[in-house]
Structures are given as structure tokens and as C-alpha cells.
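*Asks:* My file is work_4.csv. It has CSV, C-alpha atoms and all ligand atoms:
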chain,number,residue,atom,x,y,z
R,431,MET,CA,0.0,0.0,0.0
R,432,ALA,CA,1.5,3.3,-1.1
R,433,ARG,CA,0.9,6.6,0.7
R,434,ILE,CA,-0.2,9.2,-1.8
R,435,LEU,CA,-0.7,12.9,-1.5
R,436,ILE,CA,-3.0,14.7,-3.9
R,437,THR,CA,-3.2,18.5,-4.0
R,438,GLY,CA,-6.5,19.7,-5.4
R,439,GLY,CA,-7.9,16.4,-4.2
R,440,ALA,CA,-11.4,17.9,-3.6
R,441,GLY,CA,-11.6,19.3,-7.1
R,442,PHE,CA,-13.3,17.8,-10.1
R,443,ILE,CA,-10.4,15.6,-11.4
R,444,GLY,CA,-8.7,15.3,-8.0
R,445,SER,CA,-11.7,13.8,-6.3
R,446,HIS,CA,-12.0,11.1,-9.0
R,447,LEU,CA,-8.3,10.4,-8.7
R,448,SER,CA,-8.6,10.1,-4.9
R,449,ARG,CA,-11.4,7.6,-5.3
R,450,ARG,CA,-9.5,5.6,-7.9
R,451,LEU,CA,-6.3,5.4,-5.8
R,452,LEU,CA,-8.2,4.4,-2.7
R,453,LYS,CA,-9.9,1.6,-4.7
R,454,ASP,CA,-6.5,0.4,-5.8
R,455,GLY,CA,-5.6,-0.1,-2.2
R,456,ASN,CA,-3.5,3.0,-1.4
R,457,SER,CA,-3.8,5.5,1.4
R,458,VAL,CA,-4.6,9.1,0.3
R,459,ILE,CA,-3.9,12.4,1.8
R,460,CYS,CA,-6.1,14.9,0.1
R,461,VAL,CA,-4.9,18.5,0.3
R,462,ASP,CA,-7.2,21.3,-0.8
R,463,ASN,CA,-7.9,24.9,0.3
R,464,LEU,CA,-11.4,24.6,-1.1
R,465,LEU,CA,-11.0,27.8,-3.1
R,466,THR,CA,-12.6,26.0,-6.1
R,467,GLY,CA,-12.7,22.4,-4.9
R,468,GLN,CA,-15.7,21.2,-2.9
R,469,ARG,CA,-15.9,19.0,0.2
R,470,GLU,CA,-19.0,17.4,-1.2
R,471,ASN,CA,-16.9,15.8,-4.0
R,472,ILE,CA,-15.1,13.7,-1.4
R,473,ALA,CA,-18.0,13.2,1.1
R,474,ASP,CA,-18.2,9.5,0.2
R,475,LEU,CA,-14.5,9.0,1.0
R,476,GLU,CA,-14.2,10.6,4.4
R,477,ALA,CA,-15.3,7.6,6.3
R,478,ASP,CA,-12.5,5.5,4.8
R,479,SER,CA,-9.7,5.1,7.3
R,480,SER,CA,-7.2,5.2,4.4
R,481,PHE,CA,-8.3,8.7,3.5
R,482,ARG,CA,-7.3,11.9,5.2
R,483,PHE,CA,-8.5,15.4,4.2
R,484,LEU,CA,-6.2,18.3,5.0
R,485,GLU,CA,-7.6,21.8,4.4
R,486,ARG,CA,-4.5,23.7,3.4
R,487,ASP,CA,-3.2,26.2,0.9
R,488,VAL,CA,-0.1,24.8,-0.6
R,489,THR,CA,1.2,28.3,-1.2
R,490,SER,CA,1.4,28.8,2.6
R,491,PRO,CA,5.0,28.8,3.9
R,492,TYR,CA,6.6,25.3,3.4
R,493,ASP,CA,6.4,23.1,6.5
R,494,THR,CA,7.1,19.4,6.0
R,495,ASN,CA,5.5,18.6,9.4
R,496,VAL,CA,2.1,19.7,8.2
R,497,TYR,CA,1.9,16.6,6.1
R,498,GLY,CA,2.9,14.1,8.8
R,499,GLU,CA,6.1,12.3,9.5
R,500,GLU,CA,5.2,9.1,7.8
R,501,LYS,CA,6.9,8.7,4.4
R,502,ILE,CA,4.9,10.0,1.4
R,503,ASP,CA,5.6,7.8,-1.7
R,504,HIS,CA,3.9,9.7,-4.5
R,505,ILE,CA,2.6,13.3,-5.0
R,506,PHE,CA,0.1,14.3,-7.6
R,507,HIS,CA,0.0,18.1,-7.8
R,508,LEU,CA,-3.4,19.1,-9.3
R,509,ALA,CA,-4.3,22.1,-7.2
R,510,SER,CA,-5.3,25.2,-9.3
R,511,PRO,CA,-8.4,27.0,-10.4
R,512,ALA,CA,-8.9,25.8,-14.0
R,513,SER,CA,-11.9,27.5,-15.7
R,514,PRO,CA,-11.3,30.4,-18.0
R,515,ASN,CA,-14.9,31.7,-17.9
R,516,LYS,CA,-14.9,35.4,-16.8
R,517,ASN,CA,-18.5,35.1,-15.7
R,518,SER,CA,-17.8,32.3,-13.3
R,519,PRO,CA,-16.9,33.1,-9.6
R,520,LYS,CA,-14.8,29.9,-9.7
R,521,SER,CA,-12.6,30.8,-12.7
R,522,TYR,CA,-8.9,31.6,-12.8
R,523,ILE,CA,-10.0,35.0,-14.1
R,524,ALA,CA,-11.6,35.5,-10.7
R,525,TYR,CA,-8.5,34.3,-8.9
R,526,PRO,CA,-5.6,35.6,-11.0
R,527,ILE,CA,-3.0,35.9,-8.2
R,528,GLU,CA,-4.0,32.6,-6.5
R,529,THR,CA,-3.7,30.8,-9.9
R,530,LEU,CA,-0.2,32.2,-10.5
R,531,LEU,CA,0.9,31.3,-7.0
R,532,VAL,CA,-0.4,27.8,-6.7
R,533,ASN,CA,1.3,26.9,-10.0
R,534,SER,CA,4.6,28.6,-9.0
R,535,VAL,CA,5.1,28.7,-5.3
R,536,GLY,CA,2.7,25.8,-4.7
R,537,THR,CA,4.6,23.7,-7.2
R,538,TYR,CA,7.9,24.6,-5.6
R,539,HIS,CA,6.6,23.6,-2.2
R,540,MET,CA,5.3,20.2,-3.5
R,541,LEU,CA,8.5,19.6,-5.3
R,542,LEU,CA,10.4,20.3,-2.0
R,543,LEU,CA,8.1,17.8,-0.2
R,544,ALA,CA,8.7,15.2,-2.9
R,545,LYS,CA,12.5,15.7,-2.5
R,546,ASP,CA,12.3,15.5,1.3
R,547,HIS,CA,10.3,12.3,1.2
R,548,GLY,CA,12.0,10.7,-1.8
R,549,ALA,CA,8.5,10.6,-3.4
R,550,SER,CA,7.8,10.5,-7.1
R,551,PHE,CA,6.0,13.6,-8.4
R,552,LEU,CA,3.4,14.3,-11.1
R,553,TYR,CA,2.5,17.9,-12.2
R,554,THR,CA,-0.7,18.5,-14.0
R,555,SER,CA,0.0,21.1,-16.6
R,556,SER,CA,-2.5,21.9,-19.3
R,557,SER,CA,-3.2,22.1,-23.1
R,558,GLU,CA,-3.2,25.9,-22.3
R,559,VAL,CA,0.6,25.9,-22.5
R,560,TYR,CA,0.0,25.7,-26.3
R,561,GLY,CA,-2.1,28.9,-26.1
R,562,ASP,CA,-3.9,29.5,-29.4
R,563,PRO,CA,-1.9,26.8,-31.3
R,564,GLU,CA,-0.6,27.3,-34.8
R,565,GLN,CA,-0.2,23.5,-35.1
R,566,SER,CA,-2.9,20.9,-34.9
R,567,PRO,CA,-2.9,18.3,-33.5
R,568,GLN,CA,-0.6,19.6,-30.7
R,569,LYS,CA,2.4,17.4,-30.0
R,570,GLU,CA,4.4,17.6,-26.8
R,571,THR,CA,7.3,19.1,-28.7
R,572,TYR,CA,5.3,22.2,-29.8
R,573,PHE,CA,6.4,25.3,-27.8
R,574,GLY,CA,3.0,27.0,-28.1
R,575,ASN,CA,1.6,30.4,-29.0
R,576,VAL,CA,0.8,32.1,-25.7
R,577,ASN,CA,-0.1,35.7,-24.9
R,578,PRO,CA,2.1,36.5,-21.9
R,579,ASN,CA,-0.2,39.1,-20.3
R,580,GLY,CA,-3.7,38.5,-21.7
R,581,PRO,CA,-6.6,37.4,-19.5
R,582,ARG,CA,-5.7,33.7,-19.8
R,583,SER,CA,-2.0,34.3,-19.0
R,584,VAL,CA,-2.3,33.8,-15.3
R,585,TYR,CA,-3.2,30.2,-16.0
R,586,ASP,CA,-1.1,29.6,-19.1
R,587,GLU,CA,2.1,31.2,-17.8
R,588,GLY,CA,1.4,29.6,-14.4
R,589,LYS,CA,1.4,26.2,-16.0
R,590,ARG,CA,4.4,26.9,-18.1
R,591,PHE,CA,6.3,28.1,-15.0
R,592,GLY,CA,5.2,24.9,-13.1
R,593,GLU,CA,6.6,22.8,-15.9
R,594,ALA,CA,9.9,24.7,-15.8
R,595,MET,CA,10.1,24.3,-12.0
R,596,THR,CA,9.4,20.6,-12.2
R,597,PHE,CA,12.1,20.2,-14.8
R,598,GLY,CA,14.4,22.3,-12.6
R,599,PHE,CA,14.1,19.7,-9.9
R,600,ILE,CA,14.5,16.8,-12.3
R,601,ARG,CA,17.7,18.3,-13.7
R,602,LYS,CA,19.2,19.6,-10.4
R,603,TYR,CA,18.2,16.9,-8.0
R,604,GLY,CA,17.4,13.9,-10.2
R,605,LEU,CA,13.8,13.9,-8.9
R,606,ASP,CA,11.5,11.2,-10.2
R,607,ALA,CA,8.9,13.5,-11.8
R,608,ARG,CA,6.7,13.9,-14.9
R,609,VAL,CA,4.5,16.5,-16.5
R,610,ILE,CA,1.0,15.9,-17.8
R,611,ARG,CA,-0.8,18.3,-20.2
R,612,ILE,CA,-4.5,17.8,-19.5
R,613,PHE,CA,-6.8,18.6,-22.4
R,614,ASN,CA,-10.5,19.4,-21.9
R,615,THR,CA,-12.0,17.0,-19.5
R,616,TYR,CA,-15.7,16.6,-18.4
R,617,GLY,CA,-17.9,14.3,-16.4
R,618,PRO,CA,-19.7,14.0,-13.0
R,619,SER,CA,-18.6,16.3,-10.2
R,620,MET,CA,-17.9,19.2,-12.7
R,621,GLN,CA,-19.2,22.3,-11.0
R,622,LYS,CA,-22.5,23.7,-12.2
R,623,ASP,CA,-21.3,27.3,-12.1
R,624,ASP,CA,-17.7,27.0,-13.2
R,625,GLY,CA,-18.6,28.1,-16.7
R,626,ARG,CA,-17.1,25.2,-18.7
R,627,VAL,CA,-18.8,24.5,-22.0
R,628,VAL,CA,-20.1,21.0,-21.3
R,629,SER,CA,-21.5,21.8,-17.9
R,630,ASN,CA,-22.9,25.1,-19.1
R,631,PHE,CA,-24.7,23.5,-22.1
R,632,ILE,CA,-26.1,20.6,-20.0
R,633,ASN,CA,-27.4,22.8,-17.3
R,634,GLN,CA,-28.8,25.4,-19.7
R,635,ALA,CA,-30.6,22.6,-21.5
R,636,LEU,CA,-31.9,21.0,-18.3
R,637,ALA,CA,-33.3,24.4,-17.3
R,638,HIS,CA,-34.9,24.8,-20.8
R,639,GLN,CA,-32.7,27.8,-21.6
R,640,ALA,CA,-31.0,28.7,-24.8
R,641,LEU,CA,-27.4,27.3,-25.1
R,642,THR,CA,-24.8,30.0,-25.1
R,643,VAL,CA,-22.3,29.4,-28.0
R,644,TYR,CA,-19.5,31.9,-27.8
R,645,GLY,CA,-18.4,33.3,-31.2
R,646,ASP,CA,-19.5,31.4,-34.3
R,647,GLY,CA,-19.0,28.1,-32.6
R,648,LEU,CA,-16.5,26.9,-35.2
R,649,GLN,CA,-13.7,26.8,-32.6
R,650,THR,CA,-12.8,23.2,-31.7
R,651,ARG,CA,-12.1,21.2,-28.5
R,652,SER,CA,-11.6,17.5,-27.9
R,653,PHE,CA,-13.4,16.2,-24.8
R,654,CYS,CA,-12.0,13.5,-22.5
R,655,TYR,CA,-14.2,11.7,-20.0
R,656,VAL,CA,-12.9,12.0,-16.5
R,657,HIS,CA,-12.4,8.3,-15.8
R,658,ASP,CA,-10.2,8.0,-18.9
R,659,MET,CA,-8.2,11.1,-17.7
R,660,VAL,CA,-7.7,9.6,-14.2
R,661,ASP,CA,-6.5,6.3,-15.7
R,662,GLY,CA,-3.9,8.3,-17.8
R,663,LEU,CA,-2.7,10.1,-14.7
R,664,VAL,CA,-2.3,6.8,-12.8
R,665,ARG,CA,-0.4,5.2,-15.6
R,666,ALA,CA,1.8,8.3,-16.0
R,667,MET,CA,2.8,8.1,-12.3
R,668,PHE,CA,3.4,4.4,-12.2
R,669,THR,CA,4.8,3.4,-15.6
R,670,VAL,CA,8.5,2.6,-15.4
R,671,GLY,CA,10.5,5.1,-17.5
R,672,SER,CA,7.9,7.9,-17.3
R,673,SER,CA,10.1,10.2,-15.2
R,674,GLY,CA,11.5,13.2,-17.1
R,675,HIS,CA,8.8,13.1,-19.7
R,676,VAL,CA,5.9,15.3,-20.7
R,677,PHE,CA,2.7,13.6,-21.9
R,678,ASN,CA,-0.5,15.0,-23.5
R,679,LEU,CA,-3.6,13.3,-22.1
R,680,GLY,CA,-6.9,13.9,-23.8
R,681,ASN,CA,-9.4,12.5,-26.3
R,682,THR,CA,-8.6,13.0,-30.0
R,683,ASP,CA,-12.2,13.2,-31.1
R,684,GLU,CA,-12.2,16.9,-32.2
R,685,ARG,CA,-15.5,18.7,-32.4
R,686,THR,CA,-16.7,22.2,-33.0
R,687,ILE,CA,-18.5,23.9,-30.1
R,688,GLN,CA,-21.5,24.2,-32.3
R,689,ASP,CA,-21.5,20.4,-32.7
R,690,ILE,CA,-21.4,19.9,-29.0
R,691,ALA,CA,-24.3,22.3,-28.5
R,692,GLU,CA,-26.3,20.4,-31.2
R,693,LEU,CA,-25.5,17.1,-29.6
R,694,ILE,CA,-26.5,18.2,-26.1
R,695,LYS,CA,-29.7,19.9,-27.4
R,696,LYS,CA,-30.7,16.7,-29.2
R,697,LYS,CA,-30.2,14.6,-26.1
R,698,ILE,CA,-32.1,16.9,-23.8
R,699,ASP,CA,-34.6,19.0,-25.7
R,700,PRO,CA,-34.3,19.5,-29.5
R,701,SER,CA,-36.6,22.5,-29.5
R,702,LEU,CA,-34.1,24.7,-27.6
R,703,ALA,CA,-32.5,27.7,-29.1
R,704,ILE,CA,-28.8,28.4,-29.5
R,705,GLU,CA,-27.7,31.9,-28.7
R,706,ASN,CA,-24.4,33.3,-30.0
R,707,MET,CA,-22.5,35.5,-27.6
R,708,ASP,CA,-19.1,37.3,-27.8
R,709,LEU,CA,-16.1,35.1,-28.1
R,710,PRO,CA,-13.8,35.6,-25.1
R,711,GLU,CA,-10.4,37.3,-25.7
R,712,ASP,CA,-7.6,34.8,-26.7
R,713,ASP,CA,-10.0,31.9,-27.0
R,714,PRO,CA,-8.0,29.1,-28.7
R,715,LYS,CA,-9.4,28.3,-32.2
R,716,ARG,CA,-8.4,24.7,-32.3
R,717,ARG,CA,-7.4,22.2,-29.7
R,718,ASN,CA,-6.7,18.5,-30.4
R,719,PRO,CA,-4.0,16.4,-28.6
R,720,ASP,CA,-1.5,14.2,-30.3
R,721,ILE,CA,-1.5,11.3,-27.8
R,722,MET,CA,0.9,9.0,-29.6
R,723,LYS,CA,3.4,9.3,-26.8
R,724,ALA,CA,1.0,8.3,-24.1
R,725,LYS,CA,-0.3,5.4,-26.3
R,726,THR,CA,3.1,4.0,-26.9
R,727,GLN,CA,4.9,4.7,-23.6
R,728,LEU,CA,1.9,4.4,-21.2
R,729,GLY,CA,-0.3,2.0,-23.1
R,730,TRP,CA,-3.1,4.6,-22.6
R,731,SER,CA,-5.9,5.7,-24.8
R,732,PRO,CA,-9.3,7.0,-24.0
R,733,LYS,CA,-12.2,4.5,-24.0
R,734,VAL,CA,-15.3,6.5,-23.4
R,735,SER,CA,-16.9,8.1,-26.4
R,736,VAL,CA,-18.2,11.7,-26.3
R,737,GLU,CA,-21.8,10.4,-26.7
R,738,GLU,CA,-21.5,7.9,-23.8
R,739,GLY,CA,-19.7,10.4,-21.6
R,740,ILE,CA,-22.2,13.1,-22.1
R,741,ASP,CA,-25.1,10.8,-21.3
R,742,LYS,CA,-23.4,10.0,-18.0
R,743,THR,CA,-22.8,13.7,-17.3
R,744,ILE,CA,-26.4,14.5,-18.1
R,745,GLU,CA,-27.5,11.8,-15.6
R,746,TYR,CA,-25.2,13.4,-12.9
R,747,PHE,CA,-26.5,16.9,-13.5
R,748,LYS,CA,-30.1,15.7,-13.1
R,749,THR,CA,-29.2,14.8,-9.5
R,750,VAL,CA,-27.5,18.0,-8.4
T,801,LIG,N1,-17.9,28.1,-24.6
T,801,LIG,C1,-19.1,28.4,-25.2
T,801,LIG,N2,-20.2,28.5,-24.4
T,801,LIG,C2,-20.1,28.4,-23.0
T,801,LIG,C3,-18.9,28.1,-22.4
T,801,LIG,C4,-17.8,28.0,-23.3
T,801,LIG,O1,-19.3,28.5,-26.4
T,801,LIG,O2,-21.2,28.6,-22.4
T,801,LIG,C5,-16.7,27.9,-25.5
T,801,LIG,C6,-15.5,28.7,-25.2
T,801,LIG,O3,-15.5,30.0,-25.7
T,801,LIG,C7,-14.4,27.8,-25.7
T,801,LIG,C8,-15.0,26.4,-25.6
T,801,LIG,O4,-16.4,26.5,-25.5
T,801,LIG,O5,-14.2,28.1,-27.1
T,801,LIG,C9,-14.4,25.6,-24.4
T,801,LIG,O6,-14.6,26.4,-23.3
T,801,LIG,P1,-14.2,25.9,-21.8
T,801,LIG,O7,-14.4,27.1,-20.9
T,801,LIG,O8,-15.0,24.8,-21.5
T,801,LIG,O9,-12.7,25.5,-21.9
T,801,LIG,P2,-11.4,26.0,-22.6
T,801,LIG,O10,-11.0,25.0,-23.6
T,801,LIG,O11,-11.6,27.3,-23.3
T,801,LIG,O12,-10.4,26.1,-21.5
What is this structure when it is put down as C-alpha cells?

*Replies:*
Amino acid sequence: MARILITGGAGFIGSHLSRRLLKDGNSVICVDNLLTGQRENIADLEADSSFRFLERDVTSPYDTNVYGEEKIDHIFHLASPASPNKNSPKSYIAYPIETLLVNSVGTYHMLLLAKDHGASFLYTSSSEVYGDPEQSPQKETYFGNVNPNGPRSVYDEGKRFGEAMTFGFIRKYGLDARVIRIFNTYGPSMQKDDGRVVSNFINQALAHQALTVYGDGLQTRSFCYVHDMVDGLVRAMFTVGSSGHVFNLGNTDERTIQDIAELIKKKIDPSLAIENMDLPEDDPKRRNPDIMKAKTQLGWSPKVSVEEGIDKTIEYFKTV
């Protein structure tokens, strides 16, 4: 049984990861300051004696004692606001400084903890490091096209800094660490009000409101179901030889946002209207991961189709 620390463990992906790692027989320390994470996401785990919740901001001054004396074997560093929607109170636009700090200072602290404990480390970066990409699909070797001070920069540059910091520790200390670039992910436990496109469209449709498509809806994204994403994160941590590597994780089924609106409308209420609204500044036009590296080195590929995953997500949102 390994002892695993997850930052952002009460968030959308973090809570699914906590559940999966407990199921695999590990003990989990879930660290979250609940800025955008939610205690309800982990309510079913709190009775498990192998699970511990620690309410803490990882940007607070580094103190190894906070995390207990027992050896930590692996650290997954997921903590960060992640939604770009300026209308959402949970977005990184609403928390610009916190977002920069959790990905810089927070990453530094978690890397120090990994070094102190001899733990292996996984940093969750993002497809946002590619900015508005000039290449599609995006390969890990692409350096990206990022506006360094636009509205999304707090997240994009935060993630780029986090990657650089992780590689600093790999190069200077030989730390066992890897970087994952997470592409758009959806599924149960997404927050209703965090402004992501899948959750917005499903909740608008369930409330019989028009679906809000930003811009002409011809921009693309590729949507990965959360269980597939979690499986990729676990493989990336535990596959021998993954240290020192960057992996894209995401679904390669690229769709326009208009198509996603049509799909969700058809599933919930075909009579609903689609309302076009302003496209946010620096909204990437295309996003599609090249996942050849994860396929060959981690034996990973997504299994859940967008149709199936959206059905499961609709069922979830009917209950909350
Ligand atoms: N989007 C939209 N309507 C919404 C929310 C988002 O058309 O109600 C668009 C957004 O402009 C972007 C895409 O959907 O082009 C994905 O947005 P999301 O915030 O989910 O994630 P992103 O990939 O931009 O980080």
C-alpha cells in the first residue's frame, strides 16, 4: 500500500483520482484549500480510514511537518483554479494571483516535499501551455503560442512556470517527476457554475434555456471523459520510465463547439435555441491532442466516447 498525496484532491479531477487510488488499495492524503474544490466531492471518501482530508493552501510557507512524518511515496499536484470563464466566480480570471501562486510557489513547495520524502511527483499542466496553437494536433514538442499578459496568461504562464520548475528539480536533484498536459475533461462532479462548456450546455438545456455558444461556434475542442483522464494520470505516475517526460492526455475526437451544442440539445430538448455570444479574448481556435506518446509509452488511450460520456454527465447533473 502506497501513501499518496494529492493536491486539489477535492476538485473535479482530483476527487475522482482520490477515489481511484483508494480503490486500488492506497492511502490518500487529500490536500485542498477549497477555493474552487468542494468538500461534497469527497464526502463518500471521508469515512474511509485510508483517506485523510487536509484543508491547506499549498502556497502557505513550506512546512514538511504539516503533512505528517510518515513517508509519502507519491505526490500528484493538481491544485489550481482551471476554468477560463470570466463570468464564473470559480474561474482563474476571478483568482488571478492565487492561480499564479499555486502553480509557481505551490509547485515549488510540493517539489520540495517530494524531494524531502524521496517521493515520485506528477505535475498536471494543461493544453493551455500551447495557447492559441498554430499547429494541430498539438504534439508535446510544440512550444505554443501564448499571450504572456492576456486574460488567460495567469493560468497559461502559471502552468508553463510549473513545468519549468518541475524540470528544474529533475535536472538539479534527479527527482522522479513527470508533467501531464491535461486537455478538456468533463464528467460527473464538474461544478455547475464554473462556466465550462459541457456543464454550461447541459445545465442550460436541463433548465430549458438557450445554449450559449461563444463566437461562431466553429472553434474546436476534444473532450475526454474524467475516468479516462484519471486512468492516464495513474499510468503516467506508475509506468516505469515515465520520469523526465511530458505527456499529453486527452481525447482525440475533435468537435466544434456548435456540434457539442447540437449534440446536447438533441439529447435533452431538440426545441431549444442556440444563442451566439461574444467570443472571449484569446479563446483558442483549435485544440486537439497528439497522444501517440501516451499510447506507446503508457499503453493509454481514452475508452469512453463523447456520446456515452455526455449521457453519464447529463445523468449526474439531473441529480444536483
Ligand atoms: N464556450 C461556449 N459557451 C459556453 C462556455 C464555453 O461557447 O457557455 C466555448 C469557449 O469559448 C471555448 C470552448 O467553449 O471556445 C471551451 O470552453 P471551456 O471554458 O469549457 O474550456 P477552454 O477549452 O476554453 O479552457

*Asks:* What is the distance, in Å and to one decimal place, between CA of Met620 (chain R) and CA of Phe442 (chain R)?

*Replies:*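 CA of Phe442 (chain R) lies at a distance of 5.5 Å from CA of Met620 (chain R).
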
*Asks:* Restricting the calculation to all atoms listed in the file, which member of R:Ile527, R:Leu451, R:Val628, R:Ala640 is positioned closest to ligand LIG 801 (chain T)?

*Replies:*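 Ranked by minimum distance to ligand LIG 801 (chain T), first place goes to R:Val628.
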
*Asks:* Report, in Å with one decimal, the straight-line distance from CA of Thr596 (chain R) to CA of Gly561 (chain R).

*Replies:*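 If I compute the distance from CA of Thr596 (chain R) to CA of Gly561 (chain R), I get 19.9 Å.
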
*Asks:* Would you compute the distance between atom O2 of ligand LIG 801 (chain T) and CA of Ser445 (chain R)? Give it in Å to one decimal.

*Replies:* 23.8 Å

*Asks:* Identify, on the basis of only C-alpha atoms, every residue whose closest approach to Lys748 (chain R) does not exceed 12 Å; exclude the query and any residue fewer than 2 positions from it along the same chain; express the result as a PyMOL selection string.

*Replies:* chain R and resi 618-619+622+629+632-637+698+741-746+750

*Asks:* Grab all the atoms of ligand LIG 801 (chain T) that the file lists, wrap them in a box along x, y and z, add 4 Å per side, and give me centre plus edge lengths in Å (one decimal) as AutoDock Vina command-line options.

*Replies:*
--center_x -15.8 --center_y 27.4 --center_z -24.0 --size_x 18.8 --size_y 13.2 --size_z 14.2

*Asks:* Using only C-alpha atoms and all ligand atoms, which residues of the polymer chains come no farther than 6 Å from ligand LIG 801 (chain T)? I'd like the answer as an MDAnalysis selection string.

*Replies:* chainID R and resid 513:515 614 625:627 630 642:644 649 687 709:710 713

*Asks:* May I have a table of the residues of region 434-462 of chain R lying at most 6 Å from region 473-484 of chain R, giving each one's closest pair of atoms and their distance in Å to one decimal, counting all atoms listed in the file, ordered by chain and ascending residue number, as JSON lines?

*Replies:*
{"residue": "R:Ser457", "atom": "CA", "partner": "R:Ser480", "partner_atom": "CA", "distance": 4.5}
{"residue": "R:Val458", "atom": "CA", "partner": "R:Phe481", "partner_atom": "CA", "distance": 4.9}
{"residue": "R:Ile459", "atom": "CA", "partner": "R:Arg482", "partner_atom": "CA", "distance": 4.8}
{"residue": "R:Cys460", "atom": "CA", "partner": "R:Phe483", "partner_atom": "CA", "distance": 4.8}
{"residue": "R:Val461", "atom": "CA", "partner": "R:Leu484", "partner_atom": "CA", "distance": 4.9}

*Asks:* Near region 542-544 of chain R, within 9 Å and counting all atoms listed in the file, which residues show up once chain neighbours fewer than 4 positions away are dropped, as a list in words?

*Replies:* Tyr492, Asp493, Thr494, Tyr497, Ile502, Asp503, His504, Ile505, Thr537, Tyr538, Gly548, Ala549, Ser550, Phe551, Phe599, Leu605 and Asp606 of chain R

*Asks:* What lies within 10 Å of Asn456 (chain R) using all atoms listed in the file, ignoring chain neighbours under 6 positions off, as a PDB file with C-alpha atoms, in the frame of the given file?

*Replies:*
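What follows is the written file around_31.pdb:
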ATOM      1  CA  MET R 431       0.000   0.000   0.000  1.00  0.00           C
ATOM      2  CA  ALA R 432       1.500   3.300  -1.100  1.00  0.00           C
ATOM      3  CA  ARG R 433       0.900   6.600   0.700  1.00  0.00           C
ATOM      4  CA  ILE R 434      -0.200   9.200  -1.800  1.00  0.00           C
ATOM      5  CA  SER R 448      -8.600  10.100  -4.900  1.00  0.00           C
ATOM      6  CA  ARG R 449     -11.400   7.600  -5.300  1.00  0.00           C
ATOM      7  CA  ARG R 450      -9.500   5.600  -7.900  1.00  0.00           C
ATOM      8  CA  SER R 480      -7.200   5.200   4.400  1.00  0.00           C
ATOM      9  CA  PHE R 481      -8.300   8.700   3.500  1.00  0.00           C
TER      10      PHE R 481
END

*Asks:* Pick out the closest residue to Thr466 (chain R) from this set: R:Ser566, R:Asn495, R:Gln621, R:Gln688. Count all atoms listed in the file.

*Replies:*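 Using all atoms listed in the file, Thr466 (chain R) sits closest to R:Gln621.
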
*Asks:* Nearest to Tyr560 (chain R) among R:Arg717, R:Arg651, R:Lys545, R:Lys723, with distances taken over all atoms listed in the file: which residue is it?

*Replies:* R:Arg717

*Asks:* Around the point (-11.9, 13.0, -23.5) (coordinates from the file), which residues reach within 6 Å if we count all atoms listed in the file? Answer as an MDAnalysis selection string.

*Replies:* chainID R and resid 615 653:655 680:681

*Asks:* Mind checking which residues fall within 10 Å of Lys516 (chain R), counting only C-alpha atoms, ignoring those fewer than 5 positions away in the same chain, and posting them as a count of residues only?

*Replies:* 9

*Asks:* Choose the residue, out of R:Gly536, R:Gly498, R:Pro719, R:Gly588, that has the smallest atom-to-atom separation from Glu570 (chain R); count only C-alpha atoms.

*Replies:* R:Pro719

*Asks:* Between R:Glu500, R:Asn577, R:Ile740, R:Val664, which residue has the minimum interatomic distance to Leu452 (chain R), considering all atoms listed in the file?

*Replies:* R:Val664

*Asks:* For Gly739 (chain R), which of R:His675, R:Ile704, R:Tyr616, R:Pro526 is the closest residue, counting only C-alpha atoms?

*Replies:*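 Of all the options, R:Tyr616 lies closest to Gly739 (chain R).
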